[in-house]
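For reference, model_16.csv is printed below; it contains CSV, C-alpha atoms and all ligand atoms.
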chain,number,residue,atom,x,y,z
A,283,MET,CA,-17.7,8.1,-80.0
A,284,LYS,CA,-17.1,11.6,-78.6
A,285,LYS,CA,-15.5,11.9,-75.1
A,286,ILE,CA,-18.1,11.4,-72.3
A,287,THR,CA,-18.1,14.7,-70.3
A,288,LYS,CA,-21.6,15.0,-68.8
A,289,ALA,CA,-23.1,13.3,-65.8
A,290,VAL,CA,-26.7,13.4,-64.5
A,291,PHE,CA,-27.2,13.1,-60.7
A,292,PRO,CA,-30.9,12.5,-59.9
A,293,VAL,CA,-31.3,14.0,-56.4
A,294,GLY,CA,-34.9,15.0,-56.4
A,295,GLY,CA,-36.3,11.8,-54.9
A,296,MET,CA,-38.4,11.9,-51.7
A,297,GLY,CA,-36.0,9.7,-49.7
A,298,THR,CA,-38.9,8.0,-47.9
A,299,ARG,CA,-36.7,5.2,-46.6
A,300,PHE,CA,-34.8,7.8,-44.6
A,301,LEU,CA,-37.6,9.9,-43.1
A,302,PRO,CA,-37.5,12.0,-41.0
A,303,ALA,CA,-33.9,12.8,-41.8
A,304,THR,CA,-34.9,13.6,-45.4
A,305,LYS,CA,-37.8,15.9,-44.6
A,306,SER,CA,-35.7,19.0,-45.6
A,307,ILE,CA,-32.5,17.6,-47.0
A,308,PRO,CA,-32.1,15.2,-49.9
A,309,LYS,CA,-30.8,11.7,-48.9
A,310,GLU,CA,-27.7,12.4,-51.0
A,311,MET,CA,-26.7,14.9,-48.4
A,312,LEU,CA,-26.4,12.3,-45.7
A,313,PRO,CA,-22.7,12.0,-44.7
A,314,ILE,CA,-20.4,9.1,-44.6
A,315,ILE,CA,-18.1,10.2,-41.8
A,316,ASP,CA,-17.8,14.0,-42.7
A,317,LYS,CA,-18.6,14.1,-46.4
A,318,PRO,CA,-22.0,13.9,-48.0
A,319,LEU,CA,-22.8,11.0,-50.4
A,320,ILE,CA,-23.2,13.5,-53.3
A,321,GLN,CA,-19.7,14.8,-52.9
A,322,TYR,CA,-18.2,11.3,-53.1
A,323,ALA,CA,-20.2,10.8,-56.3
A,324,VAL,CA,-19.1,14.1,-57.8
A,325,GLU,CA,-15.5,13.4,-57.0
A,326,GLU,CA,-15.8,10.0,-58.7
A,327,ALA,CA,-17.3,11.7,-61.8
A,328,ILE,CA,-14.6,14.4,-62.0
A,329,GLU,CA,-11.9,11.8,-61.6
A,330,ALA,CA,-13.5,9.9,-64.5
A,331,GLY,CA,-13.2,13.0,-66.8
A,332,ILE,CA,-16.7,14.5,-66.4
A,333,THR,CA,-16.8,18.3,-66.7
A,334,THR,CA,-20.5,19.1,-66.6
A,335,LEU,CA,-22.5,18.0,-63.6
A,336,ILE,CA,-26.3,18.0,-64.1
A,337,PHE,CA,-28.3,17.8,-60.8
A,338,ILE,CA,-32.0,17.0,-61.2
A,339,THR,CA,-33.3,18.5,-58.0
A,340,SER,CA,-36.4,18.9,-56.0
A,341,ALA,CA,-37.6,22.6,-55.8
A,342,SER,CA,-38.0,22.5,-52.0
A,343,LYS,CA,-34.5,21.2,-51.2
A,344,HIS,CA,-31.6,23.6,-51.8
A,345,ALA,CA,-29.0,21.8,-49.7
A,346,ILE,CA,-27.1,20.4,-52.7
A,347,SER,CA,-26.7,23.7,-54.5
A,348,ASP,CA,-25.7,25.3,-51.2
A,349,HIS,CA,-23.2,22.6,-50.6
A,350,PHE,CA,-21.4,23.2,-53.9
A,351,ASP,CA,-21.4,27.0,-53.6
A,352,PRO,CA,-18.0,28.5,-53.2
A,353,LYS,CA,-18.7,30.1,-49.8
A,354,PRO,CA,-16.5,33.2,-50.3
A,355,LEU,CA,-17.1,34.7,-46.8
A,356,LEU,CA,-16.0,31.5,-45.0
A,357,ARG,CA,-13.1,31.1,-47.4
A,358,GLU,CA,-11.9,34.7,-46.6
A,359,LYS,CA,-12.2,34.1,-42.9
A,360,PHE,CA,-10.2,30.8,-42.9
A,361,PHE,CA,-7.7,32.4,-45.3
A,362,LYS,CA,-7.1,35.3,-42.9
A,363,GLU,CA,-6.8,32.9,-40.0
A,364,GLY,CA,-4.3,30.8,-41.9
A,365,LYS,CA,-6.5,27.7,-41.5
A,366,GLN,CA,-5.5,25.8,-44.6
A,367,HIS,CA,-7.0,22.5,-43.5
A,368,LEU,CA,-10.5,24.1,-43.2
A,369,LEU,CA,-10.0,25.9,-46.6
A,370,ASP,CA,-9.3,22.5,-48.1
A,371,LYS,CA,-12.6,21.1,-46.7
A,372,LEU,CA,-14.5,24.0,-48.2
A,373,HIS,CA,-13.2,23.1,-51.7
A,374,THR,CA,-15.9,21.0,-53.2
A,375,ILE,CA,-15.7,21.5,-57.0
A,376,PRO,CA,-12.8,22.8,-59.2
A,377,ASN,CA,-13.7,26.1,-60.9
A,378,GLU,CA,-13.5,24.7,-64.4
A,379,ILE,CA,-16.4,22.2,-63.7
A,380,THR,CA,-19.8,23.3,-64.9
A,381,ARG,CA,-22.8,22.8,-62.5
A,382,VAL,CA,-26.3,22.8,-63.8
A,383,PHE,CA,-29.4,22.5,-61.6
A,384,VAL,CA,-32.7,21.4,-63.2
A,385,PRO,CA,-35.8,21.2,-61.1
A,386,GLN,CA,-37.6,17.9,-61.5
A,387,GLY,CA,-41.0,19.5,-60.8
A,388,GLU,CA,-42.7,16.4,-59.6
A,389,PRO,CA,-41.0,13.3,-58.1
A,390,LEU,CA,-42.3,10.9,-60.8
A,391,GLY,CA,-39.4,8.4,-60.7
A,392,LEU,CA,-35.8,7.9,-61.8
A,393,GLY,CA,-36.7,7.8,-65.5
A,394,HIS,CA,-38.6,11.0,-65.3
A,395,ALA,CA,-35.6,12.6,-63.5
A,396,VAL,CA,-33.2,11.5,-66.2
A,397,LEU,CA,-35.5,12.8,-68.9
A,398,GLN,CA,-35.3,16.3,-67.5
A,399,ALA,CA,-31.6,16.4,-68.6
A,400,LYS,CA,-32.4,15.8,-72.3
A,401,GLU,CA,-31.8,19.4,-73.5
A,402,ILE,CA,-28.6,19.8,-71.6
A,403,VAL,CA,-27.1,16.5,-72.6
A,404,GLY,CA,-28.0,16.8,-76.2
A,405,ASP,CA,-26.8,14.2,-78.7
A,406,GLU,CA,-24.0,12.7,-76.6
A,407,TYR,CA,-23.4,9.6,-74.5
A,408,PHE,CA,-23.7,10.6,-70.8
A,409,ALA,CA,-23.3,9.2,-67.3
A,410,VAL,CA,-26.0,8.7,-64.7
A,411,ILE,CA,-24.8,8.5,-61.2
A,412,LEU,CA,-27.0,7.5,-58.2
A,413,ALA,CA,-25.1,9.0,-55.2
A,414,ASP,CA,-26.9,6.7,-52.7
A,415,ASP,CA,-24.9,3.8,-54.1
A,416,PHE,CA,-21.6,4.5,-52.3
A,417,ILE,CA,-18.7,2.7,-53.9
A,418,LYS,CA,-15.3,1.9,-52.6
A,419,PRO,CA,-13.3,1.2,-55.8
A,420,LYS,CA,-10.6,-1.4,-56.3
A,421,GLY,CA,-8.3,0.5,-58.7
A,422,THR,CA,-10.2,2.4,-61.4
A,423,ASN,CA,-13.4,4.0,-60.1
A,424,ALA,CA,-16.8,2.7,-61.2
A,425,THR,CA,-17.7,5.6,-63.5
A,426,LYS,CA,-14.3,5.6,-65.2
A,427,GLN,CA,-14.5,1.8,-65.6
A,428,LEU,CA,-17.9,2.2,-67.4
A,429,ILE,CA,-16.6,5.1,-69.6
A,430,GLU,CA,-13.8,2.9,-70.8
A,431,VAL,CA,-16.2,0.1,-71.7
A,432,ALA,CA,-18.6,2.5,-73.5
A,433,LEU,CA,-15.8,4.0,-75.6
A,434,GLU,CA,-14.4,0.5,-76.5
A,435,LYS,CA,-17.8,-0.9,-77.4
A,436,SER,CA,-19.5,2.3,-78.7
A,437,ALA,CA,-22.5,1.2,-76.7
A,438,SER,CA,-24.4,1.9,-73.5
A,439,VAL,CA,-23.3,0.1,-70.3
A,440,VAL,CA,-24.5,-0.4,-66.7
A,441,SER,CA,-22.6,-1.5,-63.7
A,442,VAL,CA,-23.8,-4.8,-62.1
A,443,GLU,CA,-23.0,-7.1,-59.2
A,444,GLN,CA,-24.4,-10.4,-57.9
A,445,VAL,CA,-27.0,-9.7,-55.2
A,446,ASP,CA,-28.4,-12.1,-52.6
A,447,GLU,CA,-31.7,-13.7,-53.3
A,448,GLU,CA,-33.6,-11.6,-50.8
A,449,ARG,CA,-32.4,-8.4,-52.5
A,450,VAL,CA,-33.2,-9.3,-56.1
A,451,SER,CA,-36.6,-7.6,-55.8
A,452,GLN,CA,-34.9,-4.3,-54.8
A,453,TYR,CA,-33.0,-3.7,-58.0
A,454,GLY,CA,-33.0,-3.6,-61.8
A,455,ILE,CA,-31.9,-7.1,-62.8
A,456,VAL,CA,-30.2,-8.0,-66.1
A,457,ASP,CA,-29.8,-11.2,-68.0
A,458,ILE,CA,-26.6,-11.5,-70.0
A,459,ALA,CA,-26.1,-13.3,-73.2
A,460,LYS,CA,-23.0,-15.3,-72.3
A,461,ILE,CA,-20.4,-14.9,-69.6
A,462,HIS,CA,-17.0,-13.9,-70.6
A,463,GLY,CA,-14.8,-11.7,-68.5
A,464,LEU,CA,-16.2,-8.6,-66.8
A,465,THR,CA,-18.3,-7.2,-69.6
A,466,ASN,CA,-21.1,-8.9,-71.3
A,467,GLU,CA,-24.0,-8.1,-73.7
A,468,ILE,CA,-27.3,-7.7,-72.0
A,469,LYS,CA,-30.2,-9.9,-73.2
A,470,SER,CA,-32.9,-8.5,-71.0
A,471,ILE,CA,-33.4,-6.1,-68.1
A,472,VAL,CA,-36.3,-5.8,-65.7
A,473,GLU,CA,-37.1,-3.5,-62.8
A,474,LYS,CA,-37.4,-5.1,-59.3
A,475,PRO,CA,-38.7,-8.5,-60.3
A,476,SER,CA,-39.9,-11.1,-57.8
A,477,LEU,CA,-37.3,-13.7,-57.1
A,478,ALA,CA,-39.5,-16.2,-59.1
A,479,ASP,CA,-39.5,-13.9,-62.2
A,480,ALA,CA,-35.9,-12.7,-62.0
A,481,PRO,CA,-33.9,-13.7,-65.0
A,482,SER,CA,-30.7,-13.8,-62.9
A,483,ASN,CA,-29.2,-12.4,-59.7
A,484,LEU,CA,-27.2,-9.7,-61.5
A,485,GLY,CA,-28.4,-6.4,-59.9
A,486,VAL,CA,-27.9,-3.0,-61.5
A,487,ILE,CA,-25.8,-0.6,-59.5
A,488,GLY,CA,-26.4,3.2,-59.8
A,489,ARG,CA,-23.8,3.8,-62.4
A,490,TYR,CA,-24.8,4.0,-66.1
A,491,ILE,CA,-23.3,5.3,-69.4
A,492,LEU,CA,-26.2,5.8,-71.8
A,493,SER,CA,-26.7,6.6,-75.4
A,494,PRO,CA,-28.8,9.8,-76.0
A,495,GLU,CA,-31.3,7.4,-77.7
A,496,VAL,CA,-32.5,6.6,-74.3
A,497,PHE,CA,-34.4,9.9,-74.1
A,498,ASP,CA,-36.6,8.8,-77.0
A,499,PHE,CA,-37.4,5.6,-75.0
A,500,LEU,CA,-38.0,7.6,-71.8
A,501,GLU,CA,-40.5,9.8,-73.6
A,502,GLN,CA,-42.5,6.7,-74.7
A,503,THR,CA,-42.2,5.0,-71.3
A,504,LYS,CA,-45.5,4.7,-69.4
A,505,SER,CA,-45.7,5.1,-65.6
A,506,ASP,CA,-45.7,1.9,-63.5
A,507,LYS,CA,-48.3,0.9,-61.0
A,508,GLY,CA,-46.8,3.3,-58.5
A,509,GLY,CA,-47.1,6.2,-60.9
A,510,GLU,CA,-43.3,6.3,-61.6
A,511,ILE,CA,-41.5,6.3,-64.9
A,512,GLN,CA,-38.7,3.8,-64.5
A,513,LEU,CA,-35.3,4.2,-66.1
A,514,THR,CA,-35.0,0.4,-66.4
A,515,ASP,CA,-38.1,0.2,-68.6
A,516,ALA,CA,-36.6,2.8,-71.0
A,517,LEU,CA,-33.3,0.9,-71.0
A,518,ALA,CA,-35.1,-2.2,-72.2
A,519,GLY,CA,-35.6,-0.2,-75.5
A,520,LEU,CA,-31.9,-0.1,-76.1
A,521,LEU,CA,-32.0,-3.9,-76.6
A,522,ASN,CA,-33.7,-3.3,-80.0
A,523,LYS,CA,-30.3,-3.5,-81.6
A,524,PRO,CA,-27.6,-6.1,-81.1
A,525,GLU,CA,-24.4,-5.1,-79.2
A,526,ASN,CA,-26.1,-1.9,-78.1
A,527,PHE,CA,-26.1,-2.4,-74.3
A,528,TYR,CA,-23.6,-4.1,-72.0
A,529,ALA,CA,-23.4,-5.0,-68.3
A,530,SER,CA,-20.0,-4.6,-66.6
A,531,LYS,CA,-19.2,-6.3,-63.3
A,532,LEU,CA,-18.2,-3.7,-60.7
A,533,ASN,CA,-14.6,-3.8,-59.6
A,534,GLY,CA,-15.1,-2.5,-56.1
A,535,LYS,CA,-17.4,-2.8,-53.1
A,536,ARG,CA,-20.9,-1.2,-53.3
A,537,PHE,CA,-22.9,-0.1,-50.3
A,538,ASP,CA,-26.6,0.6,-51.0
A,539,CYS,CA,-27.0,3.8,-48.8
A,540,GLY,CA,-30.7,4.1,-49.9
A,541,HIS,CA,-31.3,1.6,-47.1
A,542,LYS,CA,-30.4,1.8,-43.4
A,543,LEU,CA,-28.4,-1.3,-43.4
A,544,GLY,CA,-26.2,-0.3,-46.3
A,545,TYR,CA,-25.7,3.2,-45.0
A,546,ILE,CA,-24.5,2.0,-41.6
A,547,GLN,CA,-22.3,-0.7,-43.2
A,548,ALA,CA,-20.7,2.1,-45.4
A,549,THR,CA,-20.2,4.3,-42.4
A,550,ILE,CA,-18.5,1.4,-40.4
A,551,ASP,CA,-16.4,0.4,-43.4
A,552,ALA,CA,-15.2,4.0,-44.0
A,553,SER,CA,-14.5,4.5,-40.3
A,554,LEU,CA,-12.3,1.4,-40.3
A,555,ASP,CA,-10.4,2.9,-43.3
A,556,ASP,CA,-10.0,6.3,-41.5
A,557,GLU,CA,-6.6,6.5,-39.9
A,558,GLU,CA,-7.7,9.0,-37.4
A,559,ILE,CA,-10.4,6.9,-35.8
A,560,SER,CA,-9.9,3.4,-37.1
A,561,ALA,CA,-8.3,1.9,-34.0
A,562,LYS,CA,-10.8,3.5,-31.6
A,563,ILE,CA,-13.7,2.2,-33.7
A,564,GLN,CA,-12.3,-1.3,-33.7
A,565,ASN,CA,-12.0,-1.2,-29.9
A,566,PHE,CA,-15.5,0.2,-29.6
A,567,ILE,CA,-17.0,-2.6,-31.7
A,568,LYS,CA,-15.1,-5.3,-29.8
A,569,ASP,CA,-16.3,-3.8,-26.5
A,570,ARG,CA,-19.8,-3.4,-27.7
A,571,ILE,CA,-20.4,-7.0,-28.9
A,601,LIG,C1,-32.8,2.4,-58.7
A,601,LIG,C2,-33.2,1.7,-60.1
A,601,LIG,C3,-32.8,0.2,-60.0
A,601,LIG,C4,-31.3,0.1,-59.6
A,601,LIG,C5,-31.0,0.9,-58.3
A,601,LIG,C6,-29.6,0.9,-58.0
A,601,LIG,O1,-33.7,1.9,-57.7
A,601,LIG,O2,-34.5,1.9,-60.3
A,601,LIG,O3,-33.0,-0.4,-61.2
A,601,LIG,O4,-31.0,-1.2,-59.5
A,601,LIG,O5,-31.5,2.2,-58.4
A,601,LIG,O6,-29.3,1.4,-56.7
A,601,LIG,P1,-34.0,2.7,-56.4
A,601,LIG,O7,-32.8,2.6,-55.5
A,601,LIG,O8,-34.3,4.1,-56.8
A,601,LIG,O9,-35.1,2.0,-55.7

Turn the structure described in the file into structure tokens.
Amino acid sequence: MKKITKAVFPVGGMGTRFLPATKSIPKEMLPIIDKPLIQYAVEEAIEAGITTLIFITSASKHAISDHFDPKPLLREKFFKEGKQHLLDKLHTIPNEITRVFVPQGEPLGLGHAVLQAKEIVGDEYFAVILADDFIKPKGTNATKQLIEVALEKSASVVSVEQVDEERVSQYGIVDIAKIHGLTNEIKSIVEKPSLADAPSNLGVIGRYILSPEVFDFLEQTKSDKGGEIQLTDALAGLLNKPENFYASKLNGKRFDCGHKLGYIQATIDASLDDEEISAKIQNFIKDRI
């Protein structure tokens, strides 16, 4: 398999769970402390060797392309004033990294968003990164971990973790053939099943390495009851061949920032890791409860 160098960031969703904050900005621009979720995700991708970032955007929201713009006027001002710490904060993407923005047109679901990247991805394995899954890695970052598995197995792979029963219906759920180690062959995958119908409690996290074959399945995937084309439904197509699709247990802590609870937990966790404010936050929490 060729090196994996392209990552798709679907950022055109409506962010309904975070209204009114997401009326004019994408949910991926919500910050954890002082950095937007999308920047954490982009940094993870670049660290994993990705050199082309493909953002699938909503036409009315320009905040993400603005965020990654070089900002030459501000740069010059901080340079003249000798404010290196502010210059460092402006630096969001190294120059050699390519950014591509593709309008999604209509918000017709995650599968529809990924399909918009077809021409740019071409005939290569690629990453899909959902920035609202904020991940604190233990060692190797989540995308790098998946790339290593994909290269070793020459196959598609998704990141998974065990989720509590009450959250099973919020995620794609996989059933694995047999458990050995962190990486296992997928037997079935289903989008947001009821607890009764769920084949397991292994929930899909927003990190995928996918074969370009998935575009063919996406083109054939019908909309669900809510009018959305689900990525998970197309992924089920990859199970047509044995040893084609693996689940890899995440080595790290995932916070689902698509929901209020996960977002606040991520913020508290990050603030407790932040040397500048950690002690004060701990005191604040002690006093508050
Ligand atoms: C999407 C996917 C789901 C996956 C989840 C990970 O759901 O459809 O399969 O488990 O991301 O965060 P969404 O968060 O868009 O509802």

Would you tabulate, counting all atoms listed in the file, all residues of chain A that have an atom at most 10 Å from an atom of ligand LIG 601 (chain A), showing the closest pair of atoms and their distance in Å to one decimal, sorted by chain then ascending number, as a tab-separated table?
residue	atom	partner	partner_atom	distance
A:Pro292	CA	A:LIG601	O8	9.6
A:Gly295	CA	A:LIG601	O8	8.2
A:Gly297	CA	A:LIG601	O8	9.2
A:Arg299	CA	A:LIG601	O9	9.8
A:Gly391	CA	A:LIG601	O8	7.7
A:Leu392	CA	A:LIG601	O2	6.3
A:Gly393	CA	A:LIG601	O2	8.2
A:Ile411	CA	A:LIG601	O6	9.5
A:Leu412	CA	A:LIG601	O6	6.7
A:Ala413	CA	A:LIG601	O6	8.8
A:Asp414	CA	A:LIG601	O6	7.1
A:Asp415	CA	A:LIG601	O6	5.6
A:Phe416	CA	A:LIG601	O6	9.4
A:Val440	CA	A:LIG601	O4	9.7
A:Ser441	CA	A:LIG601	C6	9.3
A:Val442	CA	A:LIG601	O4	8.5
A:Glu443	CA	A:LIG601	O4	9.9
A:Val450	CA	A:LIG601	O4	9.1
A:Ser451	CA	A:LIG601	O4	9.3
A:Gln452	CA	A:LIG601	O9	6.4
A:Tyr453	CA	A:LIG601	O4	3.5
A:Gly454	CA	A:LIG601	O3	3.3
A:Ile455	CA	A:LIG601	O4	6.8
A:Val456	CA	A:LIG601	O3	9.5
A:Ile471	CA	A:LIG601	O3	9.0
A:Val472	CA	A:LIG601	O3	7.8
A:Glu473	CA	A:LIG601	O3	5.4
A:Lys474	CA	A:LIG601	O3	6.7
A:Pro475	CA	A:LIG601	O3	9.9
A:Leu484	CA	A:LIG601	O4	9.5
A:Gly485	CA	A:LIG601	O4	5.8
A:Val486	CA	A:LIG601	O4	4.1
A:Ile487	CA	A:LIG601	C6	4.4
A:Gly488	CA	A:LIG601	C6	4.3
A:Arg489	CA	A:LIG601	C6	7.8
A:Tyr490	CA	A:LIG601	C6	9.9
A:Glu510	CA	A:LIG601	O2	9.9
A:Ile511	CA	A:LIG601	O2	9.5
A:Gln512	CA	A:LIG601	O2	6.2
A:Leu513	CA	A:LIG601	O2	6.3
A:Thr514	CA	A:LIG601	O3	5.6
A:Asp515	CA	A:LIG601	O3	9.0
A:Leu517	CA	A:LIG601	O3	9.9
A:Arg536	CA	A:LIG601	O6	9.4
A:Phe537	CA	A:LIG601	O6	9.2
A:Asp538	CA	A:LIG601	O6	6.4
A:Cys539	CA	A:LIG601	O6	8.6
A:Gly540	CA	A:LIG601	O7	6.2
A:His541	CA	A:LIG601	O7	8.6

May I ask which of the residues A:Lys523, A:Lys426, A:Lys365, A:Lys460 is the closest one to Glu329 (chain A), counting all atoms listed in the file?
->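 Between A:Lys523, A:Lys426, A:Lys365, A:Lys460, the residue approaching Glu329 (chain A) most closely is A:Lys426.
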
Counting all atoms listed in the file, write as a ChimeraX atom specification all protein and nucleic acid residues lying at most 12 Å from (-22.0, 1.7, -46.0) in the file's frame.
-> /A:312-315,319,414-418,535-555

Put those residues in a file: C-alpha atoms, as a short mmCIF file (atom, residue, chain, number, x, y, z; two decimals), keeping the file's coordinate frame.
data_model
loop_
_atom_site.label_atom_id
_atom_site.label_comp_id
_atom_site.auth_asym_id
_atom_site.auth_seq_id
_atom_site.Cartn_x
_atom_site.Cartn_y
_atom_site.Cartn_z
CA LEU A 312 -26.40 12.30 -45.70
CA PRO A 313 -22.70 12.00 -44.70
CA ILE A 314 -20.40 9.10 -44.60
CA ILE A 315 -18.10 10.20 -41.80
CA LEU A 319 -22.80 11.00 -50.40
CA ASP A 414 -26.90 6.70 -52.70
CA ASP A 415 -24.90 3.80 -54.10
CA PHE A 416 -21.60 4.50 -52.30
CA ILE A 417 -18.70 2.70 -53.90
CA LYS A 418 -15.30 1.90 -52.60
CA LYS A 535 -17.40 -2.80 -53.10
CA ARG A 536 -20.90 -1.20 -53.30
CA PHE A 537 -22.90 -0.10 -50.30
CA ASP A 538 -26.60 0.60 -51.00
CA CYS A 539 -27.00 3.80 -48.80
CA GLY A 540 -30.70 4.10 -49.90
CA HIS A 541 -31.30 1.60 -47.10
CA LYS A 542 -30.40 1.80 -43.40
CA LEU A 543 -28.40 -1.30 -43.40
CA GLY A 544 -26.20 -0.30 -46.30
CA TYR A 545 -25.70 3.20 -45.00
CA ILE A 546 -24.50 2.00 -41.60
CA GLN A 547 -22.30 -0.70 -43.20
CA ALA A 548 -20.70 2.10 -45.40
CA THR A 549 -20.20 4.30 -42.40
CA ILE A 550 -18.50 1.40 -40.40
CA ASP A 551 -16.40 0.40 -43.40
CA ALA A 552 -15.20 4.00 -44.00
CA SER A 553 -14.50 4.50 -40.30
CA LEU A 554 -12.30 1.40 -40.30
CA ASP A 555 -10.40 2.90 -43.30
#

Polymer residues at most 9 Å from Asn466 (chain A), only C-alpha atoms, same-chain spacing of 2 or more positions, as a PyMOL selection string = chain A and resi 458-464+468+527-531

Find the residues near His394 (chain A): any atom within 12 Å, counting only C-alpha atoms, skip ones fewer than 5 places away on the same chain, and give them as a count of residues only.
-> 31

Could you state the separation of CA of Gln366 (chain A) and CA of His349 (chain A) in Å, given to one decimal place?
-> 19.0 Å

Which of these residues is nearest to Phe383 (chain A), using only C-alpha atoms: A:Glu363, A:Gly404, A:Asp348, A:Glu448?
->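 For Phe383 (chain A), the nearest of the given residues is A:Asp348.
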
Atom pair CA of Ile402 (chain A) / CA of Phe337 (chain A): separation (Å) = 11.0 Å

Two-atom distance - CA of Gly519 (chain A), CA of Lys469 (chain A) (Å) =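 Answer for the CA of Gly519 (chain A) to CA of Lys469 (chain A) separation: 11.3 Å.
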
Of A:Ala395, A:Leu372, A:Gly364, A:Glu310, the one sitting nearest Ile336 (chain A) when using only C-alpha atoms is A:Ala395

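Remark: residues at most 8 Å from position (-21.3, 17.8, -58.9) in file coordinates are Phe291, Ile320, Gln321, Ala323, Val324, Glu325, Ala327, Thr334, Leu335, Ile336, Phe337, Phe350, Ile375 and Arg381 of chain A, using only C-alpha atoms.
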
Nearest to Leu520 (chain A), chosen from A:His373, A:Asn483, A:Leu301, A:Ser470, with all atoms listed in the file counted in the distances =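 Closest to Leu520 (chain A) of all the choices is A:Ser470.
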
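Of the residues listed (A:Phe361, A:Phe408, A:Phe566, A:Phe300), A:Phe408 shows the shortest atom-to-atom separation from Ala437 (chain A); distances use only C-alpha atoms.
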
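With all atoms listed in the file taken into account, the protein and nucleic acid residues at most 8 Å from Gly534 (chain A) (excluding it and anything under 5 positions from it in its own chain) are Ile417, Lys418, Pro419, Lys420, Gly421, Asn423 and Ala424 of chain A.
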
Smallest atom-to-atom distance to Thr287 (chain A): which of A:Leu369, A:Ile307, A:Ile379, A:Leu356, using all atoms listed in the file?
->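 Smallest distance to Thr287 (chain A) is found for A:Ile379.
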
Incomplete region 390-395 of chain A filled out to all heavy atoms as a PDB file, in the frame of the given file:
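Output saved as result24.pdb:
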ATOM      1  N   LEU A 390     -41.538  11.951 -60.113  1.00  0.00           N
ATOM      2  CA  LEU A 390     -42.300  10.900 -60.800  1.00  0.00           C
ATOM      3  C   LEU A 390     -41.347   9.736 -61.242  1.00  0.00           C
ATOM      4  O   LEU A 390     -41.578   9.057 -62.238  1.00  0.00           O
ATOM      5  CB  LEU A 390     -42.930  11.492 -62.091  1.00  0.00           C
ATOM      6  CG  LEU A 390     -44.047  12.500 -61.809  1.00  0.00           C
ATOM      7  CD1 LEU A 390     -44.628  13.047 -63.110  1.00  0.00           C
ATOM      8  CD2 LEU A 390     -45.149  11.868 -60.962  1.00  0.00           C
ATOM      9  N   GLY A 391     -40.278   9.552 -60.470  1.00  0.00           N
ATOM     10  CA  GLY A 391     -39.400   8.400 -60.700  1.00  0.00           C
ATOM     11  C   GLY A 391     -38.099   8.719 -61.347  1.00  0.00           C
ATOM     12  O   GLY A 391     -37.888   9.813 -61.887  1.00  0.00           O
ATOM     13  N   LEU A 392     -37.206   7.710 -61.316  1.00  0.00           N
ATOM     14  CA  LEU A 392     -35.800   7.900 -61.800  1.00  0.00           C
ATOM     15  C   LEU A 392     -35.819   8.212 -63.322  1.00  0.00           C
ATOM     16  O   LEU A 392     -35.070   9.070 -63.786  1.00  0.00           O
ATOM     17  CB  LEU A 392     -35.046   6.607 -61.522  1.00  0.00           C
ATOM     18  CG  LEU A 392     -33.594   6.571 -61.954  1.00  0.00           C
ATOM     19  CD1 LEU A 392     -32.789   7.700 -61.315  1.00  0.00           C
ATOM     20  CD2 LEU A 392     -32.970   5.216 -61.599  1.00  0.00           C
ATOM     21  N   GLY A 393     -36.672   7.520 -64.075  1.00  0.00           N
ATOM     22  CA  GLY A 393     -36.700   7.800 -65.500  1.00  0.00           C
ATOM     23  C   GLY A 393     -37.129   9.190 -65.826  1.00  0.00           C
ATOM     24  O   GLY A 393     -36.535   9.871 -66.673  1.00  0.00           O
ATOM     25  N   HIS A 394     -38.123   9.666 -65.108  1.00  0.00           N
ATOM     26  CA  HIS A 394     -38.600  11.000 -65.300  1.00  0.00           C
ATOM     27  C   HIS A 394     -37.495  12.030 -64.942  1.00  0.00           C
ATOM     28  O   HIS A 394     -37.286  13.034 -65.644  1.00  0.00           O
ATOM     29  CB  HIS A 394     -39.831  11.248 -64.373  1.00  0.00           C
ATOM     30  CG  HIS A 394     -40.406  12.619 -64.404  1.00  0.00           C
ATOM     31  ND1 HIS A 394     -40.172  13.536 -63.407  1.00  0.00           N
ATOM     32  CD2 HIS A 394     -41.183  13.243 -65.320  1.00  0.00           C
ATOM     33  CE1 HIS A 394     -40.797  14.668 -63.696  1.00  0.00           C
ATOM     34  NE2 HIS A 394     -41.422  14.508 -64.851  1.00  0.00           N
ATOM     35  N   ALA A 395     -36.739  11.726 -63.878  1.00  0.00           N
ATOM     36  CA  ALA A 395     -35.600  12.600 -63.500  1.00  0.00           C
ATOM     37  C   ALA A 395     -34.600  12.705 -64.607  1.00  0.00           C
ATOM     38  O   ALA A 395     -34.191  13.802 -65.014  1.00  0.00           O
ATOM     39  CB  ALA A 395     -34.994  12.099 -62.200  1.00  0.00           C
TER      40      ALA A 395
END
